[in-house]
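Printed here is query38.cif (mmCIF, C-alpha atoms and all ligand atoms):
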data_upload
loop_
_atom_site.label_atom_id
_atom_site.label_comp_id
_atom_site.auth_asym_id
_atom_site.auth_seq_id
_atom_site.Cartn_x
_atom_site.Cartn_y
_atom_site.Cartn_z
CA MET L 14 14.18 7.15 -23.82
CA HIS L 15 11.95 4.31 -22.79
CA ILE L 16 11.65 2.00 -19.81
CA GLU L 17 10.23 -1.51 -19.77
CA LEU L 18 8.80 -2.92 -16.58
CA ASP L 19 7.80 -6.55 -16.14
CA SER L 20 4.71 -7.39 -14.11
CA PRO L 21 4.52 -4.32 -11.88
CA LEU L 22 2.83 -4.93 -8.53
CA ASP L 23 1.12 -2.57 -6.13
CA MET L 24 1.37 -4.19 -2.71
CA HIS L 25 -1.12 -1.87 -0.96
CA LEU L 26 -4.20 -0.65 -2.80
CA HIS L 27 -7.69 0.56 -1.95
CA LEU L 28 -10.26 -0.27 -4.62
CA ARG L 29 -13.44 0.42 -2.60
CA ASP L 30 -16.73 -0.91 -3.93
CA GLY L 31 -19.69 -0.08 -6.18
CA GLU L 32 -19.32 2.90 -8.50
CA MET L 33 -15.93 3.86 -7.07
CA LEU L 34 -14.61 0.34 -7.71
CA ALA L 35 -15.83 0.54 -11.29
CA THR L 36 -13.99 3.86 -11.75
CA VAL L 37 -10.66 3.06 -10.09
CA ALA L 38 -10.05 -0.67 -10.62
CA PRO L 39 -9.31 -0.42 -14.36
CA LEU L 40 -6.81 2.38 -13.71
CA THR L 41 -4.66 -0.08 -11.76
CA SER L 42 -5.40 -3.25 -13.72
CA HIS L 43 -4.32 -1.57 -16.96
CA SER L 44 -0.73 -1.00 -15.91
CA PHE L 45 -0.19 -3.36 -12.97
CA SER L 46 -0.09 -7.13 -12.97
CA GLY L 47 -1.54 -7.48 -9.50
CA ALA L 48 -2.19 -5.69 -6.24
CA ILE L 49 -2.78 -6.42 -2.57
CA ILE L 50 -6.38 -5.32 -2.05
CA MET L 51 -7.20 -3.60 1.23
CA PRO L 52 -10.21 -4.94 3.17
CA ASN L 53 -11.43 -1.72 4.84
CA LEU L 54 -14.82 -1.67 3.16
CA VAL L 55 -17.99 -0.79 5.08
CA PRO L 56 -18.46 -3.32 6.64
CA PRO L 57 -14.89 -4.71 6.43
CA VAL L 58 -14.05 -7.97 4.68
CA THR L 59 -13.99 -10.59 7.46
CA THR L 60 -15.37 -13.84 6.05
CA ARG L 61 -14.45 -16.28 3.31
CA GLU L 62 -17.69 -15.51 1.51
CA GLU L 63 -16.96 -11.77 1.60
CA VAL L 64 -13.45 -12.32 0.22
CA LEU L 65 -14.78 -14.40 -2.67
CA ALA L 66 -17.66 -12.03 -3.43
CA TYR L 67 -15.40 -8.95 -3.34
CA LYS L 68 -12.87 -10.66 -5.61
CA GLU L 69 -15.67 -11.39 -8.06
CA ARG L 70 -16.80 -7.74 -8.04
CA ILE L 71 -13.19 -6.70 -8.68
CA ARG L 72 -12.96 -9.13 -11.60
CA THR L 73 -16.12 -7.66 -13.06
CA ALA L 74 -14.74 -4.12 -12.68
CA ILE L 75 -11.43 -4.88 -14.44
CA GLY L 76 -12.93 -6.67 -17.43
CA GLU L 77 -10.38 -8.35 -19.69
CA ASP L 78 -7.19 -7.02 -18.09
CA ARG L 79 -4.65 -9.61 -16.99
CA PHE L 80 -4.54 -8.71 -13.31
CA GLU L 81 -4.44 -10.64 -10.06
CA PRO L 82 -6.28 -9.16 -7.06
CA TYR L 83 -4.38 -10.49 -4.05
CA MET L 84 -7.12 -10.53 -1.44
CA THR L 85 -6.86 -9.73 2.26
CA LEU L 86 -9.02 -10.08 5.36
CA PHE L 87 -9.53 -7.37 7.96
CA PHE L 88 -7.72 -8.66 11.07
CA LYS L 89 -9.82 -9.73 14.03
CA PRO L 90 -8.21 -11.22 17.17
CA THR L 91 -11.14 -13.65 17.23
CA TYR L 92 -10.07 -15.49 14.06
CA THR L 93 -9.50 -19.13 15.03
CA ARG L 94 -7.01 -21.56 13.53
CA GLU L 95 -9.89 -23.49 12.03
CA PHE L 96 -11.27 -20.39 10.35
CA LEU L 97 -7.84 -19.38 9.03
CA GLU L 98 -7.27 -22.88 7.62
CA SER L 99 -10.57 -22.60 5.77
CA VAL L 100 -9.70 -19.24 4.20
CA ALA L 101 -5.91 -19.51 3.71
CA ASP L 102 -6.13 -20.50 0.04
CA GLU L 103 -8.26 -17.47 -0.81
CA ILE L 104 -6.12 -14.74 0.75
CA THR L 105 -2.58 -13.45 0.40
CA ALA L 106 -2.39 -11.56 3.69
CA ILE L 107 -4.37 -10.19 6.63
CA LYS L 108 -4.44 -6.47 7.33
CA LEU L 109 -4.38 -5.23 10.91
CA TYR L 110 -5.63 -1.74 11.78
CA PRO L 111 -5.43 -0.25 15.24
CA ALA L 112 -9.07 0.62 16.09
CA GLY L 113 -10.15 4.00 14.73
CA ILE L 114 -6.71 4.99 13.40
CA THR L 115 -7.83 5.71 9.82
CA THR L 116 -10.65 5.35 7.27
CA ASN L 117 -13.09 2.52 8.17
CA SER L 118 -10.87 1.02 10.87
CA GLU L 119 -13.33 1.24 13.77
CA GLY L 120 -13.47 -2.58 14.11
CA GLY L 121 -9.69 -2.86 14.43
CA VAL L 122 -7.46 -3.88 17.33
CA SER L 123 -7.37 -2.04 20.66
CA GLY L 124 -4.24 -2.85 22.64
CA PHE L 125 -1.52 -5.22 21.55
CA ASP L 126 -1.51 -7.86 24.24
CA ILE L 127 0.51 -10.76 22.86
CA GLU L 128 -1.50 -13.37 24.75
CA GLU L 129 -4.76 -12.04 23.31
CA LEU L 130 -3.30 -12.22 19.81
CA ARG L 131 -1.47 -15.52 20.22
CA GLU L 132 -4.00 -17.92 18.75
CA THR L 133 -4.61 -15.88 15.61
CA LEU L 134 -1.04 -14.77 14.98
CA GLY L 135 0.34 -18.20 15.87
CA ALA L 136 -1.97 -19.82 13.35
CA MET L 137 -1.12 -17.22 10.71
CA SER L 138 2.55 -17.90 11.29
CA ASP L 139 2.05 -21.68 10.95
CA LEU L 140 -0.07 -21.26 7.82
CA GLY L 141 2.37 -18.77 6.24
CA ILE L 142 -0.15 -15.91 6.06
CA PRO L 143 1.67 -12.55 6.18
CA LEU L 144 0.41 -9.85 8.56
CA CYS L 145 0.16 -6.34 7.11
CA ILE L 146 -0.04 -3.59 9.73
CA HIS L 147 -1.08 0.05 9.71
CA GLY L 148 1.48 0.99 12.35
CA GLU L 149 0.32 4.09 14.17
CA THR L 150 -0.50 4.72 17.83
CA GLY L 151 -3.09 7.22 19.07
CA GLY L 152 -0.32 9.68 20.02
CA PHE L 153 0.68 13.07 18.58
CA VAL L 154 0.19 12.84 14.84
CA MET L 155 3.84 13.31 13.84
CA ASP L 156 5.01 10.71 16.39
CA ARG L 157 2.42 7.99 15.86
CA GLU L 158 4.47 5.81 13.56
CA ALA L 159 7.71 6.07 15.52
CA GLN L 160 5.76 5.23 18.69
CA PHE L 161 4.45 2.10 17.00
CA VAL L 162 7.95 0.69 16.32
CA PRO L 163 8.18 -1.00 19.77
CA ILE L 164 4.90 -2.77 18.97
CA TYR L 165 6.35 -4.01 15.68
CA GLU L 166 9.36 -5.24 17.64
CA LYS L 167 7.22 -6.98 20.23
CA LEU L 168 5.23 -8.78 17.53
CA ALA L 169 8.31 -9.63 15.46
CA THR L 170 9.98 -11.15 18.54
CA ALA L 171 6.94 -13.08 19.76
CA PHE L 172 6.23 -14.52 16.28
CA PRO L 173 9.63 -14.88 14.59
CA ASP L 174 8.26 -16.94 11.69
CA LEU L 175 5.40 -14.55 10.94
CA LYS L 176 6.07 -12.21 8.02
CA ILE L 177 5.13 -8.74 9.22
CA ILE L 178 4.76 -5.95 6.70
CA MET L 179 5.01 -2.43 8.04
CA GLU L 180 2.62 -0.71 5.67
CA HIS L 181 3.26 2.69 4.05
CA ILE L 182 6.24 3.58 6.23
CA THR L 183 6.98 7.28 6.56
CA THR L 184 9.80 7.57 9.10
CA LYS L 185 13.48 6.84 9.50
CA GLU L 186 12.60 4.92 12.68
CA SER L 187 10.66 2.38 10.61
CA VAL L 188 13.47 2.13 8.06
CA ASP L 189 15.88 1.40 10.91
CA ALA L 190 13.58 -1.30 12.33
CA LEU L 191 13.80 -3.21 9.03
CA GLY L 192 17.42 -4.01 9.73
CA ARG L 193 16.83 -5.26 13.26
CA PHE L 194 14.31 -8.04 12.62
CA GLU L 195 14.51 -10.67 9.94
CA ASN L 196 10.72 -11.00 9.71
CA LEU L 197 9.94 -7.27 9.25
CA TYR L 198 9.31 -5.91 5.75
CA ALA L 199 7.79 -2.66 4.48
CA THR L 200 5.78 -1.05 1.73
CA ILE L 201 6.49 2.51 0.65
CA THR L 202 4.06 4.75 -1.22
CA LEU L 203 4.83 7.08 -4.11
CA HIS L 204 3.63 10.18 -2.29
CA HIS L 205 5.77 9.57 0.79
CA LEU L 206 8.84 9.43 -1.47
CA ILE L 207 7.95 12.87 -2.83
CA ILE L 208 6.18 15.05 -0.29
CA THR L 209 6.78 16.19 3.28
CA LEU L 210 4.38 17.80 5.72
CA ASP L 211 5.34 21.13 4.16
CA ASP L 212 3.62 20.13 0.92
CA VAL L 213 0.45 19.23 2.81
CA ALA L 214 0.16 22.09 5.26
CA GLY L 215 3.17 24.40 4.89
CA GLY L 216 1.32 26.82 2.64
CA MET L 217 -2.31 26.76 1.59
CA LEU L 218 -3.78 23.46 2.80
CA ARG L 219 -3.70 20.77 0.11
CA PRO L 220 -6.41 18.26 0.95
CA HIS L 221 -5.54 15.89 -1.88
CA LEU L 222 -2.15 15.28 -0.22
CA PHE L 223 -3.66 14.61 3.19
CA CYS L 224 -3.31 10.98 4.20
CA LYS L 225 -2.59 8.65 7.09
CA PRO L 226 0.15 8.34 8.06
CA ILE L 227 0.72 12.04 7.44
CA ALA L 228 3.84 12.92 5.42
CA LYS L 229 6.75 13.66 7.74
CA ARG L 230 10.08 15.53 7.71
CA PRO L 231 12.68 15.86 4.92
CA GLU L 232 15.04 13.51 6.77
CA ASP L 233 12.32 10.87 6.94
CA ARG L 234 11.68 11.19 3.21
CA GLU L 235 15.44 10.86 2.64
CA ALA L 236 15.50 7.61 4.61
CA LEU L 237 12.63 6.22 2.53
CA LEU L 238 14.27 7.32 -0.72
CA ARG L 239 17.52 5.68 0.28
CA VAL L 240 15.98 2.23 0.64
CA ALA L 241 13.54 2.57 -2.27
CA LEU L 242 16.10 3.80 -4.81
CA LYS L 243 18.52 1.02 -3.98
CA ALA L 244 15.63 -1.47 -3.96
CA HIS L 245 16.50 -2.73 -0.50
CA PRO L 246 15.23 -6.34 -0.64
CA LYS L 247 12.84 -5.82 2.28
CA VAL L 248 10.93 -2.91 0.76
CA MET L 249 8.36 -2.96 -1.99
CA PHE L 250 6.09 -0.49 -3.69
CA GLY L 251 2.60 -0.17 -2.22
CA SER L 252 0.81 2.91 -3.48
CA ASP L 253 -1.84 3.13 -0.72
CA SER L 254 -3.78 4.82 -3.51
CA ALA L 255 -6.93 5.69 -1.55
CA PRO L 256 -9.68 7.32 -3.60
CA HIS L 257 -12.31 9.53 -2.00
CA PRO L 258 -14.89 11.63 -3.87
CA LYS L 259 -13.79 15.25 -4.41
CA GLU L 260 -16.47 16.52 -2.04
CA SER L 261 -15.13 14.32 0.79
CA LYS L 262 -11.67 15.83 0.34
CA GLU L 263 -12.50 19.48 -0.29
CA CYS L 264 -14.55 20.09 2.85
CA PRO L 265 -14.23 20.51 6.60
CA GLY L 266 -13.31 17.04 7.84
CA CYS L 267 -11.23 16.09 4.80
CA ALA L 268 -10.97 12.29 4.35
CA ALA L 269 -7.44 10.82 4.45
CA GLY L 270 -6.02 9.37 1.24
CA VAL L 271 -3.97 10.27 -1.84
CA PHE L 272 -5.14 8.92 -5.18
CA THR L 273 -2.08 7.91 -7.21
CA ALA L 274 -3.09 4.73 -9.05
CA PRO L 275 -3.20 6.17 -12.60
CA ILE L 276 0.13 8.00 -12.37
CA ALA L 277 2.14 5.77 -10.06
CA LEU L 278 4.43 4.01 -12.54
CA GLN L 279 5.04 7.11 -14.65
CA VAL L 280 6.02 9.21 -11.64
CA LEU L 281 8.15 6.42 -10.14
CA ALA L 282 10.07 6.26 -13.43
CA GLU L 283 10.65 10.01 -13.26
CA LEU L 284 11.71 9.83 -9.62
CA PHE L 285 14.21 7.01 -10.14
CA GLU L 286 15.65 8.83 -13.16
CA LYS L 287 15.90 12.12 -11.28
CA HIS L 288 17.91 10.42 -8.55
CA GLY L 289 20.09 8.48 -10.99
CA ALA L 290 18.86 5.08 -9.81
CA PRO L 291 19.11 2.25 -12.35
CA VAL L 292 16.01 0.81 -14.01
CA GLU L 293 16.87 -2.61 -12.51
CA ASN L 294 16.24 -1.13 -9.08
CA LEU L 295 12.89 0.24 -10.17
CA GLN L 296 12.03 -3.22 -11.49
CA LYS L 297 12.87 -4.75 -8.12
CA PHE L 298 11.04 -2.06 -6.16
CA VAL L 299 7.83 -2.42 -8.20
CA SER L 300 7.89 -6.17 -8.67
CA GLY L 301 10.87 -8.41 -7.88
CA ASN L 302 11.07 -7.70 -4.16
CA ALA L 303 7.33 -8.29 -3.71
CA VAL L 304 7.56 -11.56 -5.65
CA ASN L 305 10.27 -12.73 -3.27
CA ILE L 306 8.66 -11.49 -0.07
CA TYR L 307 5.14 -12.74 -0.81
CA SER L 308 6.15 -15.77 -2.97
CA VAL L 309 3.62 -14.78 -5.64
CA THR L 310 3.74 -15.42 -9.37
CA PRO L 311 2.09 -12.43 -11.02
CA PRO L 312 0.59 -12.63 -14.51
CA ALA L 313 3.03 -11.71 -17.28
CA LYS L 314 2.67 -8.09 -18.35
CA LYS L 315 5.15 -5.71 -19.93
CA VAL L 316 4.61 -2.00 -19.41
CA VAL L 317 6.52 0.35 -21.69
CA LEU L 318 6.98 3.88 -20.39
CA VAL L 319 8.30 6.66 -22.61
CA LYS L 320 9.77 10.01 -21.71
CA LYS L 321 6.94 12.05 -23.15
CA GLU L 322 5.25 14.76 -21.14
CA CYS L 323 1.56 14.43 -20.43
CA THR L 324 -0.99 16.36 -18.39
CA VAL L 325 -2.68 14.48 -15.56
CA PRO L 326 -6.49 14.67 -15.82
CA GLU L 327 -8.29 16.93 -13.31
CA ARG L 328 -10.58 14.08 -12.31
CA TYR L 329 -11.20 10.39 -12.76
CA GLY L 330 -14.93 10.15 -12.14
CA SER L 331 -15.41 11.88 -8.80
CA VAL L 332 -11.77 11.51 -7.71
CA VAL L 333 -8.96 14.06 -7.97
CA PRO L 334 -5.57 12.40 -8.56
CA MET L 335 -2.19 13.56 -7.27
CA TYR L 336 -0.75 16.04 -9.82
CA ALA L 337 -4.23 16.85 -11.21
CA GLY L 338 -3.87 19.29 -14.10
CA GLU L 339 -0.07 19.20 -13.87
CA LYS L 340 2.50 17.86 -16.29
CA ILE L 341 4.46 14.67 -15.60
CA ALA L 342 7.50 13.58 -17.60
CA TYR L 343 6.65 9.97 -18.46
CA SER L 344 3.68 8.38 -20.22
CA ILE L 345 2.60 4.79 -20.63
CA ASP L 346 3.33 3.93 -24.24
CA LYS L 347 2.00 0.40 -24.32
CA VAL L 348 1.08 -2.57 -22.20
CA GLU L 349 1.72 -6.05 -23.58
O1 LIG T 1 -4.74 7.93 3.96
C1 LIG T 1 -5.23 6.83 4.13
N1 LIG T 1 -6.35 6.44 3.49
N2 LIG T 1 -4.62 5.98 4.97
C2 LIG T 1 -5.19 4.81 5.31
O2 LIG T 1 -4.62 4.11 6.09
C3 LIG T 1 -6.52 4.43 4.79
C4 LIG T 1 -6.79 5.09 3.53
C5 LIG T 1 -8.25 4.98 3.12
O3 LIG T 1 -8.80 3.88 3.17
O4 LIG T 1 -8.81 5.99 2.72
ZN ZN T 2 -4.10 1.94 3.00
#
Take the structure in the file and write it out as structure tokens.
Ligand code: DOR
Ligand code: ZN
Amino acid sequence: MHIELDSPLDMHLHLRDGEMLATVAPLTSHSFSGAIIMPNLVPPVTTREEVLAYKERIRTAIGEDRFEPYMTLFFKPTYTREFLESVADEITAIKLYPAGITTNSEGGVSGFDIEELRETLGAMSDLGIPLCIHGETGGFVMDREAQFVPIYEKLATAFPDLKIIMEHITTKESVDALGRFENLYATITLHHLIITLDDVAGGMLRPHLFCKPIAKRPEDREALLRVALKAHPKVMFGSDSAPHPKESKECPGCAAGVFTAPIALQVLAELFEKHGAPVENLQKFVSGNAVNIYSVTPPAKKVVLVKKECTVPERYGSVVPMYAGEKIAYSIDKVE
């Protein structure tokens, strides 16, 4: 039993910088053709020079792999049309974080006043730059994403030609919103297709499954699975693989993020098989839909997965992956 995937894409990825970048970048560039690179470095990526320099550091980290880093800027409501015109060719999207909502998002947006955002979002819309959003309010943790849906709707209505990507959706409310607005799209992670809050905190606390947005209820996971397994044309795979050193996860004040990059395709293959979804749908979920939504042309790469059990390493450098030390059903056989 083997599965061939053409040019897999990860449309939401954290690569960090420095030593961490050197550890994690090759784990994605080996098996993926490209990825949308998150800009929440310290300090965040906010200038053309920073985009170009970060892209260069990523290229150095991945070596010879055929892999396209699709770069993003960290959204600022102060970006002018002139600035966006000067940077448009170097970026694939702009990522908006509500201020303080997650890791390194302190410089994000407070309040969603349309008039305050009009110049920047209007220019993005005219220039065809998609807006990726971490959609959570400051409310009760289980309700944050659902409470953000009216903000998505307000933005989607005010800027009907702006492509808005609801990042790492975790709720049925977000799935429902996809159908109501032509210009709303979504990424879905691997872990949110598999776990619920029970896996994180229902028994002994599992820090390596703690992330933002937090995993929700079984019915939310079902809603995500429904659209992912049928490869709904408005959803695409975005791992949100977010590495943190082991000591930042296994401590009081555990950092948010699940590290899935090295096992993502193998576990997706297992998941689609388990649910009886055809390989064509997996191909669309991990590549075709993103190609259509983002109008990108990823480098050619064929990844061959085989049904052969393997044990996930305990660590990659300082980072503990999802399923560390456990067996998964598929392995990567070759990459061409
Ligand atoms: O769990 C998360 N980790 N969610 C995010 O939104 C950010 C990410 C990170 O950068 O660690
Ligand atoms: Zn993220």
Of the candidates L:Lys247, L:Gln160, L:Met14, L:Pro220, which shows the shortest atom-to-atom distance to Lys320 of chain L, using all atoms listed in the file? L:Met14
List every residue of segment 109-138 of chain L that has an atom at most 8 Å from any atom of segment 49-57 of chain L, giving for each one its closest atom pair and the distance in Å to one decimal, counting only C-alpha atoms, sorted by chain and then by ascending residue number, as a Markdown table.
| residue | atom | partner | partner_atom | distance |
| --- | --- | --- | --- | --- |
| L:Thr116 | CA | L:Asn53 | CA | 7.5 |
| L:Asn117 | CA | L:Asn53 | CA | 5.6 |
| L:Ser118 | CA | L:Asn53 | CA | 6.6 |
May I ask for the distance between atom CA of Val100 of chain L and atom CA of Val122 of chain L, given in Å to one decimal place? 20.3 Å
Contacts to ligand LIG 1 (chain T) at 7 Å cut-off (only C-alpha atoms and all ligand atoms) as JSON, numbers by chain: {"L": [27, 53, 115, 116, 117, 147, 223, 224, 225, 226, 253, 255, 256, 257, 268, 269, 270, 271]}
With distances taken over all atoms listed in the file, which residue among L:Gly47, L:Gly31, L:Gly152, L:Pro275 lies nearest Pro311 of chain L?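 With all atoms listed in the file as the atom set, the closest residue is L:Gly47.
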Which one of L:Met335, L:Leu191, L:Cys145, L:Val213 sits closest to Ala277 of chain L if you count all atoms listed in the file? L:Met335
Have a look at L:Lys314, L:Arg239, L:His25, L:Lys287 and name the one nearest to ligand ZN 2 (chain T); count only C-alpha atoms and all ligand atoms.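 Closest to ligand ZN 2 (chain T) of all the choices is L:His25.
Using all atoms listed in the file, the residues found no farther than 8 Å from Lys229 of chain L, other than those of its own chain fewer than 6 positions away, are L:Met155, L:Thr183, L:Thr184, L:Thr209, L:Leu210.
Excluding Glu232 of chain L itself and same-chain residues fewer than 3 positions from it, the residues having an atom within 8 Å of it are Lys185, Glu235 and Ala236 of chain L, counting all atoms listed in the file.
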Taking the point (2.6, -7.6, 8.4) as given in the file, collect each protein or nucleic acid residue that comes within 7 Å of it, counting only C-alpha atoms, and present the set as JSON, numbers by chain. {"L": [143, 144, 145, 146, 176, 177, 178, 179]}
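Pairwise distance (atom CA of Glu180 of chain L, atom CA of Ile341 of chain L) equals 26.3 Å.
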Can you work out the spacing between atom CA of Thr273 of chain L and atom CA of Arg157 of chain L in Å, to one decimal? 23.5 Å
Counting all atoms listed in the file, figure out which residue out of L:Tyr110, L:Phe88, L:Tyr307, L:Tyr329 gets nearest to ligand ZN 2 (chain T).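 When distances to ligand ZN 2 (chain T) are compared using all atoms listed in the file, the smallest one comes from L:Tyr110.
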Within 8 Å of segment 161-163 of chain L, counting all atoms listed in the file, which residues show up once you throw out same-chain ones fewer than 2 positions away? Write them as a ChimeraX atom specification, please. /L:148-150,157-159,165-167,186-187,190
Residue with smallest distance to ligand ZN 2 (chain T) - pool L:Glu69, L:Glu81, L:Glu17, L:Asp23, counting all atoms listed in the file: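 Comparing L:Glu69, L:Glu81, L:Glu17, L:Asp23 against ligand ZN 2 (chain T), the winner is L:Asp23.
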Give as a ChimeraX atom specification the set of residues within 10 Å of the point (-15.7, 3.6, -13.4), where distances use the file's coordinates and only C-alpha atoms. /L:31-40,74-75,329-331
Let me know the centre plus edge lengths, in Å and rounded to one decimal, of a box with edges along x, y and z that contains all listed atoms of segment 101-108 of chain L and is padded by 3 Å on every side, as lines of an AutoDock Vina configuration file.
center_x = -5.3
center_y = -13.5
center_z = 3.3
size_x = 11.9
size_y = 20.0
size_z = 14.1
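Residues lying within 9 Å of Lys259 of chain L, counting only C-alpha atoms and ignoring same-chain neighbours fewer than 4 positions away, are His221, Glu263, Cys264, Arg328, Ser331, Val332 and Val333 of chain L.
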Output as a short mmCIF file (atom, residue, chain, number, x, y, z; two decimals), in the frame of the given file: segment 61-72 of chain L, completed with N, CA, C and O atoms.
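Final output, saved to out-v9.cif:
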data_model
loop_
_atom_site.label_atom_id
_atom_site.label_comp_id
_atom_site.auth_asym_id
_atom_site.auth_seq_id
_atom_site.Cartn_x
_atom_site.Cartn_y
_atom_site.Cartn_z
N ARG L 61 -14.85 -15.67 4.57
CA ARG L 61 -14.45 -16.28 3.31
C ARG L 61 -15.40 -15.87 2.19
O ARG L 61 -14.97 -15.54 1.08
N GLU L 62 -16.68 -15.86 2.51
CA GLU L 62 -17.69 -15.51 1.51
C GLU L 62 -17.48 -14.07 1.03
O GLU L 62 -17.59 -13.78 -0.16
N GLU L 63 -17.17 -13.18 1.98
CA GLU L 63 -16.96 -11.77 1.60
C GLU L 63 -15.72 -11.61 0.73
O GLU L 63 -15.72 -10.81 -0.21
N VAL L 64 -14.67 -12.37 1.05
CA VAL L 64 -13.45 -12.32 0.22
C VAL L 64 -13.80 -12.74 -1.21
O VAL L 64 -13.45 -12.06 -2.19
N LEU L 65 -14.49 -13.86 -1.33
CA LEU L 65 -14.78 -14.40 -2.67
C LEU L 65 -15.71 -13.46 -3.44
O LEU L 65 -15.51 -13.22 -4.64
N ALA L 66 -16.71 -12.91 -2.75
CA ALA L 66 -17.66 -12.03 -3.43
C ALA L 66 -16.97 -10.73 -3.86
O ALA L 66 -17.21 -10.23 -4.97
N TYR L 67 -16.11 -10.19 -2.99
CA TYR L 67 -15.40 -8.95 -3.34
C TYR L 67 -14.46 -9.20 -4.53
O TYR L 67 -14.39 -8.39 -5.47
N LYS L 68 -13.78 -10.33 -4.51
CA LYS L 68 -12.87 -10.66 -5.61
C LYS L 68 -13.65 -10.73 -6.93
O LYS L 68 -13.18 -10.26 -7.97
N GLU L 69 -14.83 -11.28 -6.86
CA GLU L 69 -15.67 -11.39 -8.06
C GLU L 69 -16.08 -10.00 -8.56
O GLU L 69 -16.04 -9.72 -9.76
N ARG L 70 -16.43 -9.11 -7.63
CA ARG L 70 -16.80 -7.74 -8.04
C ARG L 70 -15.59 -7.02 -8.64
O ARG L 70 -15.73 -6.24 -9.58
N ILE L 71 -14.40 -7.31 -8.11
CA ILE L 71 -13.19 -6.70 -8.68
C ILE L 71 -12.97 -7.23 -10.10
O ILE L 71 -12.70 -6.47 -11.03
N ARG L 72 -13.14 -8.54 -10.26
CA ARG L 72 -12.96 -9.13 -11.60
C ARG L 72 -13.91 -8.51 -12.60
O ARG L 72 -13.55 -8.23 -13.75
#
